[in-house]
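For reference, protein.tsv is printed below; it contains TSV, C-alpha atoms.
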chain	number	residue	atom	x	y	z
A	1	MET	CA	147.29	142.35	76.95
A	2	VAL	CA	147.18	141.38	73.29
A	3	ASP	CA	144.14	141.31	71.03
A	4	LEU	CA	143.12	137.69	70.61
A	5	ASP	CA	142.22	138.06	66.93
A	6	LYS	CA	145.63	139.44	65.96
A	7	CYS	CA	147.53	136.44	67.28
A	8	GLU	CA	148.21	133.57	64.95
A	9	LEU	CA	147.48	130.98	67.59
A	10	GLY	CA	145.27	133.07	69.84
A	11	GLY	CA	145.84	133.25	73.55
A	12	THR	CA	146.87	136.13	75.74
A	13	HIS	CA	150.54	136.97	75.84
A	14	LEU	CA	151.68	138.04	79.30
A	15	LYS	CA	155.12	139.22	80.39
A	16	SER	CA	156.69	139.05	83.85
A	17	SER	CA	156.20	142.80	84.08
A	18	ASP	CA	152.45	142.36	83.60
A	19	PHE	CA	152.42	140.35	86.83
A	20	GLU	CA	154.81	142.67	88.67
A	21	LYS	CA	152.73	145.72	87.80
A	22	CYS	CA	149.49	143.85	88.65
A	23	LYS	CA	148.12	144.34	85.15
A	24	VAL	CA	146.41	140.98	85.43
A	25	LEU	CA	144.47	139.57	88.34
A	26	THR	CA	145.82	136.36	89.77
A	27	THR	CA	145.19	133.78	92.44
A	28	GLU	CA	148.20	132.26	94.17
A	29	TRP	CA	148.08	128.96	95.97
A	30	THR	CA	150.45	126.49	97.55
A	31	PRO	CA	148.80	123.10	97.84
A	32	ASN	CA	149.79	120.93	100.78
A	33	LEU	CA	151.53	118.03	99.08
A	34	GLY	CA	152.97	116.31	102.13
A	35	TYR	CA	153.19	112.55	101.79
A	36	ALA	CA	154.21	109.46	103.72
A	37	TRP	CA	155.69	106.72	101.54
A	38	ASP	CA	155.63	103.18	102.90
A	39	ASN	CA	159.23	101.95	102.94
A	40	GLY	CA	158.22	98.30	102.81
A	41	VAL	CA	160.39	95.45	104.08
A	42	ALA	CA	163.44	95.94	101.84
A	43	ILE	CA	163.90	99.70	101.93
A	44	GLY	CA	162.86	99.74	105.59
A	45	ARG	CA	165.78	97.46	106.49
A	46	TYR	CA	168.10	99.27	104.05
A	47	LEU	CA	167.48	102.62	105.77
A	48	ALA	CA	167.74	101.07	109.25
A	49	GLU	CA	171.15	99.61	108.31
A	50	LEU	CA	172.32	102.96	106.90
A	51	LYS	CA	171.70	104.36	110.38
A	52	GLU	CA	174.16	101.74	111.65
A	53	GLY	CA	176.68	102.77	108.98
A	54	LYS	CA	176.19	99.67	106.87
A	55	ILE	CA	174.87	99.04	103.38
A	56	ILE	CA	172.70	95.95	102.95
A	57	ALA	CA	171.63	94.16	99.78
A	58	ARG	CA	169.43	91.18	98.85
A	59	ILE	CA	170.56	88.01	97.07
A	60	CYS	CA	168.56	86.10	94.49
A	61	HIS	CA	169.73	82.47	94.45
A	62	LYS	CA	168.35	81.79	91.00
A	63	CYS	CA	170.11	84.49	89.00
A	64	ARG	CA	172.82	84.83	91.65
A	65	ARG	CA	172.61	88.57	91.59
A	66	ILE	CA	173.14	90.76	94.64
A	67	LEU	CA	170.50	93.46	94.42
A	68	LEU	CA	171.22	96.97	95.63
A	69	PRO	CA	169.16	98.82	96.76
A	70	PRO	CA	167.61	95.64	98.19
A	71	ARG	CA	164.25	94.40	97.00
A	72	MET	CA	162.16	91.47	98.17
A	73	PHE	CA	161.30	90.40	94.63
A	74	CYS	CA	163.63	89.59	91.76
A	75	GLU	CA	162.40	91.38	88.67
A	76	LEU	CA	164.26	89.01	86.34
A	77	CYS	CA	163.38	85.65	87.92
A	78	PHE	CA	159.92	86.74	89.02
A	79	ARG	CA	160.34	85.17	92.45
A	80	PRO	CA	161.04	86.34	96.01
A	81	THR	CA	164.68	87.07	96.79
A	82	ASP	CA	166.39	84.82	99.34
A	83	GLU	CA	168.78	86.44	101.79
A	84	TRP	CA	170.34	89.58	103.13
A	85	THR	CA	174.01	90.41	102.69
A	86	TYR	CA	176.15	93.37	103.63
A	87	VAL	CA	178.11	95.05	100.88
A	88	GLU	CA	181.05	97.47	101.07
A	89	ASP	CA	180.78	101.22	101.39
A	90	THR	CA	183.24	101.60	98.52
A	91	GLY	CA	182.48	101.55	94.82
A	92	VAL	CA	183.18	102.79	91.34
A	93	VAL	CA	181.75	105.82	89.52
A	94	ASN	CA	179.43	104.51	86.82
A	95	THR	CA	178.33	107.91	85.56
A	96	PHE	CA	178.24	111.45	86.84
A	97	SER	CA	177.06	114.95	86.12
A	98	ILE	CA	178.30	118.40	87.07
A	99	ALA	CA	175.43	120.59	88.18
A	100	TYR	CA	175.63	124.37	88.34
A	101	VAL	CA	171.99	124.65	89.42
A	102	ASN	CA	170.17	123.56	92.58
A	103	TRP	CA	167.25	121.17	92.72
A	104	ASP	CA	164.80	124.01	92.11
A	105	ALA	CA	166.77	125.15	89.04
A	106	SER	CA	168.12	128.24	90.83
A	107	ARG	CA	171.74	129.08	89.92
A	108	ARG	CA	174.40	128.21	92.43
A	109	GLY	CA	176.23	131.27	93.73
A	110	PRO	CA	179.68	132.25	92.42
A	111	LYS	CA	181.36	130.90	95.57
A	112	GLU	CA	179.37	127.66	95.69
A	113	PRO	CA	181.16	124.77	94.00
A	114	PRO	CA	179.14	122.79	91.45
A	115	LEU	CA	177.34	119.68	92.68
A	116	ILE	CA	178.53	116.33	91.32
A	117	PRO	CA	175.71	113.77	91.43
A	118	ALA	CA	176.92	110.32	90.42
A	119	VAL	CA	175.80	106.71	90.18
A	120	ILE	CA	178.14	104.57	92.29
A	121	GLU	CA	178.45	100.84	91.59
A	122	ILE	CA	178.87	99.47	95.09
A	123	ASP	CA	181.58	96.86	95.71
A	124	GLY	CA	180.06	93.54	96.69
A	125	ALA	CA	176.87	94.02	94.71
A	126	THR	CA	176.40	92.68	91.20
A	127	LYS	CA	178.12	94.85	88.61
A	128	SER	CA	176.06	97.85	87.49
A	129	MET	CA	174.06	97.69	90.75
A	130	GLY	CA	174.44	100.93	92.58
A	131	ILE	CA	173.03	103.99	94.14
A	132	MET	CA	172.80	107.59	93.14
A	133	HIS	CA	174.65	109.94	95.45
A	134	MET	CA	176.96	112.96	95.50
A	135	LEU	CA	180.71	113.10	95.03
A	136	GLY	CA	182.79	115.26	97.35
A	137	GLU	CA	186.39	116.20	98.16
A	138	VAL	CA	187.14	116.13	94.43
A	139	ALA	CA	187.42	118.82	91.76
A	140	PRO	CA	184.93	118.39	88.90
A	141	ALA	CA	187.81	118.12	86.41
A	142	ASP	CA	189.31	115.18	88.33
A	143	VAL	CA	186.19	113.00	88.27
A	144	LYS	CA	186.56	109.99	85.96
A	145	ILE	CA	184.21	107.16	85.13
A	146	GLY	CA	185.61	104.05	86.80
A	147	MET	CA	187.14	106.06	89.64
A	148	LYS	CA	187.15	104.25	92.99
A	149	VAL	CA	185.28	106.04	95.76
A	150	ARG	CA	184.43	105.54	99.42
A	151	ALA	CA	181.39	106.70	101.41
A	152	VAL	CA	181.83	109.51	103.90
A	153	TRP	CA	179.31	108.93	106.69
A	154	LYS	CA	177.64	111.28	109.07
A	155	LYS	CA	178.59	110.90	112.72
A	156	PRO	CA	176.63	107.98	114.24
A	157	GLU	CA	174.67	110.29	116.53
A	158	ASP	CA	173.57	112.45	113.59
A	159	ARG	CA	172.26	109.60	111.44
A	160	THR	CA	168.52	109.36	110.96
A	161	GLY	CA	168.07	106.27	108.78
A	162	ALA	CA	168.17	108.07	105.46
A	163	ILE	CA	170.28	107.91	102.32
A	164	THR	CA	171.72	111.26	103.46
A	165	ASP	CA	173.37	109.41	106.37
A	166	ILE	CA	176.08	109.08	103.73
A	167	LEU	CA	177.23	112.66	103.15
A	168	TYR	CA	178.95	111.95	99.85
A	169	PHE	CA	181.46	109.61	98.21
A	170	LYS	CA	185.10	110.71	98.05
A	171	PRO	CA	187.91	109.36	95.89
A	172	LEU	CA	189.60	106.32	97.38
A	173	ARG	CA	193.21	107.35	97.14
A	174	ALA	CA	195.58	104.61	96.01
A	175	ALA	CA	197.37	103.05	98.94
A	176	SER	CA	200.94	104.34	99.41
A	177	PRO	CA	203.68	102.21	97.74
A	178	LYS	CA	204.82	101.02	101.16
A	179	LYS	CA	201.42	99.65	102.09
A	180	ARG	CA	201.00	98.07	98.68
A	181	ALA	CA	204.25	96.17	99.12
A	182	ALA	CA	203.21	95.02	102.56
A	183	GLY	CA	199.93	93.75	101.14
A	184	LYS	CA	201.71	91.66	98.50
A	185	LYS	CA	203.79	89.84	101.05
A	186	ARG	CA	200.70	88.61	102.83
B	1	MET	CA	162.19	78.99	98.11
B	2	ALA	CA	161.92	81.33	101.01
B	3	ILE	CA	158.68	83.10	101.54
B	4	THR	CA	159.00	86.86	101.42
B	5	GLU	CA	159.50	88.28	104.90
B	6	LYS	CA	156.30	89.42	106.46
B	7	ILE	CA	155.70	92.31	108.78
B	8	SER	CA	153.70	91.00	111.73
B	9	LYS	CA	153.97	93.89	114.22
B	10	THR	CA	152.21	97.15	113.55
B	11	THR	CA	155.16	99.02	115.04
B	12	THR	CA	157.64	97.61	112.50
B	13	PRO	CA	156.66	99.40	109.29
B	14	THR	CA	158.57	102.57	108.59
B	15	PHE	CA	157.69	105.31	106.20
B	16	TRP	CA	159.39	108.19	104.50
B	17	GLU	CA	157.79	111.59	104.93
B	18	GLY	CA	158.31	114.36	102.43
B	19	GLU	CA	156.78	117.39	100.85
B	20	ILE	CA	156.51	118.37	97.23
B	21	PRO	CA	156.99	122.13	97.08
B	22	VAL	CA	154.59	123.32	94.42
B	23	ASN	CA	152.96	126.71	94.16
B	24	TYR	CA	151.24	128.43	91.32
B	25	VAL	CA	149.91	131.72	90.05
B	26	TYR	CA	146.62	131.30	88.20
B	27	THR	CA	145.41	133.87	85.72
B	28	TYR	CA	141.68	133.98	85.12
B	29	GLY	CA	141.75	134.33	81.36
B	30	LEU	CA	139.96	136.94	79.26
B	31	ALA	CA	136.44	136.42	80.58
B	32	GLY	CA	137.59	135.68	84.12
B	33	GLU	CA	139.71	138.82	84.19
B	34	THR	CA	136.68	140.92	83.17
B	35	PHE	CA	134.47	139.11	85.68
B	36	PHE	CA	136.78	139.58	88.68
B	37	ARG	CA	137.69	143.17	87.74
B	38	ALA	CA	133.97	144.03	87.81
B	39	ILE	CA	133.69	142.44	91.25
B	40	LYS	CA	136.77	144.30	92.48
B	41	ASP	CA	135.97	147.72	91.06
B	42	LYS	CA	132.17	147.81	91.01
B	43	GLY	CA	130.90	144.95	93.15
B	44	ILE	CA	128.80	143.50	90.35
B	45	PHE	CA	128.61	140.20	88.47
B	46	LEU	CA	129.06	140.20	84.71
B	47	GLY	CA	127.92	137.56	82.28
B	48	THR	CA	128.00	137.03	78.55
B	49	ARG	CA	124.97	136.22	76.49
B	50	CYS	CA	124.41	134.27	73.30
B	51	ASP	CA	121.19	135.55	71.76
B	52	ASP	CA	121.10	132.79	69.14
B	53	CYS	CA	121.06	130.06	71.77
B	54	ASP	CA	119.24	132.16	74.42
B	55	VAL	CA	121.89	131.35	77.04
B	56	THR	CA	123.49	133.69	79.58
B	57	PHE	CA	126.80	132.51	80.99
B	58	VAL	CA	127.80	133.39	84.57
B	59	PRO	CA	130.74	133.39	85.11
B	60	PRO	CA	131.17	134.71	81.56
B	61	LYS	CA	132.64	132.70	78.70
B	62	ILE	CA	134.37	134.17	75.63
B	63	TYR	CA	132.51	131.82	73.34
B	64	CYS	CA	129.17	130.04	73.41
B	65	ASP	CA	129.74	126.37	74.17
B	66	ARG	CA	126.69	125.42	72.10
B	67	CYS	CA	127.23	127.27	68.81
B	68	PHE	CA	130.90	128.32	69.29
B	69	GLU	CA	130.01	131.93	68.52
B	70	LYS	CA	132.39	134.50	69.98
B	71	LEU	CA	130.86	136.42	72.86
B	72	ASP	CA	132.28	139.83	73.76
B	73	THR	CA	129.38	141.80	75.17
B	74	TYR	CA	129.29	141.75	78.93
B	75	ILE	CA	126.07	142.41	80.80
B	76	ASP	CA	125.45	143.19	84.47
B	77	VAL	CA	123.44	140.25	85.79
B	78	GLY	CA	122.83	141.57	89.30
B	79	THR	CA	123.87	139.97	92.56
B	80	ILE	CA	120.67	138.09	93.42
B	81	GLY	CA	120.26	134.35	93.04
B	82	TYR	CA	118.67	131.18	94.33
B	83	VAL	CA	120.11	128.22	96.18
B	84	GLU	CA	120.37	125.55	93.48
B	85	THR	CA	121.99	122.98	95.75
B	86	PHE	CA	124.00	123.04	98.96
B	87	THR	CA	126.13	121.02	101.34
B	88	VAL	CA	127.30	121.51	104.91
B	89	THR	CA	131.00	121.16	105.67
B	90	PHE	CA	132.22	120.19	109.13
B	91	LYS	CA	135.89	119.73	108.24
B	92	ASN	CA	138.71	121.97	107.11
B	93	MET	CA	140.78	121.16	104.05
B	94	ASP	CA	143.37	119.37	106.18
B	95	GLY	CA	140.71	117.14	107.73
B	96	SER	CA	140.56	118.91	111.10
B	97	ASP	CA	137.20	119.85	112.60
B	98	LYS	CA	135.71	123.26	111.89
B	99	ALA	CA	134.80	125.35	114.94
B	100	LYS	CA	131.44	126.01	113.26
B	101	PRO	CA	129.98	124.15	110.28
B	102	ARG	CA	129.68	126.20	107.09
B	103	ILE	CA	127.21	125.93	104.27
B	104	LEU	CA	128.51	125.78	100.71
B	105	ALA	CA	125.95	126.39	98.00
B	106	MET	CA	125.62	126.62	94.25
B	107	ILE	CA	123.82	129.92	93.69
B	108	LYS	CA	121.98	130.20	90.39
B	109	ILE	CA	122.08	133.86	89.43
B	110	GLU	CA	118.62	135.24	88.71
B	111	GLY	CA	117.79	135.49	85.02
B	112	THR	CA	120.87	133.58	83.88
B	113	ASP	CA	121.88	130.02	83.17
B	114	GLY	CA	124.98	130.15	85.34
B	115	GLY	CA	125.89	130.29	88.95
B	116	ILE	CA	128.55	130.72	91.56
B	117	ILE	CA	129.61	128.30	94.27
B	118	HIS	CA	130.15	130.09	97.56
B	119	TYR	CA	129.42	130.12	101.28
B	120	LEU	CA	126.04	131.03	102.72
B	121	GLU	CA	126.44	133.62	105.46
B	122	GLY	CA	123.86	134.56	108.10
B	123	ILE	CA	121.67	131.60	107.22
B	124	GLY	CA	121.29	128.70	109.66
B	125	ILE	CA	121.39	125.08	108.55
B	126	GLU	CA	117.68	124.73	109.44
B	127	GLU	CA	116.77	127.75	107.30
B	128	VAL	CA	118.40	126.56	104.08
B	129	SER	CA	116.19	125.18	101.37
B	130	LEU	CA	116.45	124.70	97.64
B	131	GLY	CA	115.22	127.80	95.85
B	132	LEU	CA	115.98	130.11	98.82
B	133	PRO	CA	116.57	133.64	97.44
B	134	VAL	CA	119.97	135.04	98.41
B	135	GLN	CA	122.15	138.05	97.69
B	136	ALA	CA	125.90	138.40	97.35
B	137	ILE	CA	127.80	140.09	100.19
B	138	PHE	CA	131.03	141.76	99.06
B	139	LYS	CA	134.01	142.81	101.10
B	140	PRO	CA	134.52	146.58	101.45
B	141	LYS	CA	136.03	147.94	98.23
B	142	ALA	CA	139.40	148.73	99.83
B	143	GLN	CA	139.85	145.07	100.82
B	144	ARG	CA	138.95	143.62	97.42
B	145	LYS	CA	141.87	142.12	95.50
B	146	GLY	CA	140.15	140.68	92.44
B	147	GLY	CA	139.36	137.09	93.33
B	148	ILE	CA	136.59	134.84	94.56
B	149	GLU	CA	137.41	135.86	98.15
B	150	ASP	CA	136.22	139.39	97.37
B	151	ILE	CA	132.80	137.85	97.95
B	152	ILE	CA	132.23	137.05	101.63
B	153	GLY	CA	129.33	134.82	100.72
B	154	PHE	CA	125.63	134.92	99.95
B	155	GLY	CA	123.19	136.12	102.61
B	156	PRO	CA	119.43	136.46	103.00
B	157	LEU	CA	117.80	138.63	100.33
B	158	LYS	CA	116.77	142.10	101.46
B	159	ARG	CA	114.40	143.54	98.88
Take the structure in the file and give it back as structure tokens.
Amino acid sequence: MVDLDKCELGGTHLKSSDFEKCKVLTTEWTPNLGYAWDNGVAIGRYLAELKEGKIIARICHKCRRILLPPRMFCELCFRPTDEWTYVEDTGVVNTFSIAYVNWDASRRGPKEPPLIPAVIEIDGATKSMGIMHMLGEVAPADVKIGMKVRAVWKKPEDRTGAITDILYFKPLRAASPKKRAAGKKR
Amino acid sequence: MAITEKISKTTTPTFWEGEIPVNYVYTYGLAGETFFRAIKDKGIFLGTRCDDCDVTFVPPKIYCDRCFEKLDTYIDVGTIGYVETFTVTFKNMDGSDKAKPRILAMIKIEGTDGGIIHYLEGIGIEEVSLGLPVQAIFKPKAQRKGGIEDIIGFGPLKR
């Protein structure tokens, strides 16, 4: 413990060791912060469709945007949105990060690969509309902005109606030259 | 323009359940540290006094909140007090029913201007009244950890 009067800004300076050696008395508590968040109409349907392996969006007829994640109200036109539409489970990397720490800021172990959270612009939705998810099956050095990716889904029986029903997005490898040629003929 | 879809069945709405993992370690501060150490080691309550303002703070403060004078002399204020106000709780923190209702009271410590909020023990709901003299009951010294739970509660005064 430090004398209050000798400190420029006052206060008591404590070190980790002061706690470990029980030099100061403390009270520990873990509040119960459980919550239930109302999904509402739009996110409720969105999650239900994820369980079916589909991604659904909402269309606004006035601004002609396809909103993803779906919402029942257009924030630009200030009016209710009009209809549902399915979009693809492919997209383009809008931005990404390489994380060497977990959600609680603990370091990932030496054998754990870094996490690559990314914003994916989903094909079929208005440009720049997308969802935040993880990238997988790709080395951090190979990730590029604009890279095409595809969702990797959980098995249907394991899906729970959550955004984690998509495990991650993996690079959409360019079709082989043979297939590309076949496509052109059509 | 289509009207926003409405939910008409009570079984339709879905919700997302989660938990926010938060825990903390609270330190009592200078005066609080002295206060709880006295409870832990000696089983007494300490207060600080401002002679200029004629105020005795329990739990102690390191400065007088009326004249801002620094207070660093701690005095033993005893463990006897009076019920200033009370309430009866029938529910636990999570909303479930308590097996037995408990009485929570603000105990004004005798001869001071402060008090401690704690349970009343060994006093029935019918026996509680404002001004009822009570006395602190401490846990055995070996079980005391330096916290408010070192006090079991306040019981009837035995002079």
Contact table chain B vs chain A, cut-off 8 Å, shortest pair per residue, all atoms listed in the file, as a tab-separated table:
residue	atom	partner	partner_atom	distance
B:Met1	CA	A:Asp82	CA	7.3
B:Ala2	CA	A:Asp82	CA	5.9
B:Ile3	CA	A:Pro80	CA	6.8
B:Thr4	CA	A:Pro80	CA	5.8
B:Glu5	CA	A:Val41	CA	7.3
B:Lys6	CA	A:Val41	CA	7.7
B:Ile7	CA	A:Val41	CA	7.3
B:Pro13	CA	A:Gly40	CA	6.8
B:Thr14	CA	A:Asn39	CA	5.7
B:Phe15	CA	A:Asp38	CA	4.4
B:Trp16	CA	A:Trp37	CA	5.0
B:Glu17	CA	A:Ala36	CA	4.3
B:Gly18	CA	A:Tyr35	CA	5.5
B:Glu19	CA	A:Gly34	CA	4.2
B:Ile20	CA	A:Leu33	CA	5.3
B:Pro21	CA	A:Leu33	CA	7.1
B:Val22	CA	A:Thr30	CA	6.1
B:Asn23	CA	A:Thr30	CA	4.2
B:Tyr24	CA	A:Trp29	CA	5.6
B:Val25	CA	A:Glu28	CA	4.5
B:Tyr26	CA	A:Thr27	CA	5.1
B:Thr27	CA	A:Thr26	CA	4.8
B:Tyr28	CA	A:Thr26	CA	6.7
B:Gly29	CA	A:Thr12	CA	7.8
B:Leu30	CA	A:Thr12	CA	7.8
B:Glu33	CA	A:Leu25	CA	6.4
B:Phe36	CA	A:Leu25	CA	7.7
B:Arg37	CA	A:Leu25	CA	7.7
B:Gly146	CA	A:Leu25	CA	6.1
B:Gly147	CA	A:Thr27	CA	6.8
Inset, instruction - Give as a list in words every residue, naming chains and numbers as the document does, that has an atom within 8 Å of (184.4, 110.3, 86.5), counting all atoms listed in the file. - result: Val93, Asn94, Thr95, Phe96, Asp142, Val143, Lys144, Ile145, Gly146 and Met147 of chain A
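Ranking A:Ile116, A:Ile98, A:Ile122, A:Leu135 by their shortest atom-to-atom distance to Leu67 of chain A, with all atoms listed in the file included, puts A:Ile122 first.
Minimum distance to Pro156 of chain B across B:Tyr74, B:Phe90, B:Tyr82, B:Phe57 (counting all atoms listed in the file) occurs at B:Tyr82.
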List every protein, DNA or RNA residue with an atom no more than 12 Å from (115.1, 130.2, 99.2) in the file's coordinates, counting all atoms listed in the file, and format the result as number ranges by chain.
-> B: 80-86, 105, 107-108, 120, 123, 126-135, 154-157
query = Which value, in Å to one decimal, gives the distance between atom CA of Lys155 of chain A and atom CA of Val119 of chain A?
reply =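 Pair atom CA of Lys155 of chain A / atom CA of Val119 of chain A returns 23.1 Å.
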Using all atoms listed in the file, the residue out of B:Thr87, B:Met106, B:Thr112, B:Lys9 with shortest distance to Pro60 of chain B is B:Thr112
*Please measure the separation of atom CA of Ile75 of chain B and atom CA of Gly153 of chain B, giving the value in Å to one decimal.*
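Computing it gives 21.6 Å between the two atoms.
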request  = Give me, please, the distance in Å between atom CA of Ser8 of chain B and atom CA of Trp84 of chain A, quoted to one decimal.
outcome  =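 Distance between the two atoms: 18.8 Å.
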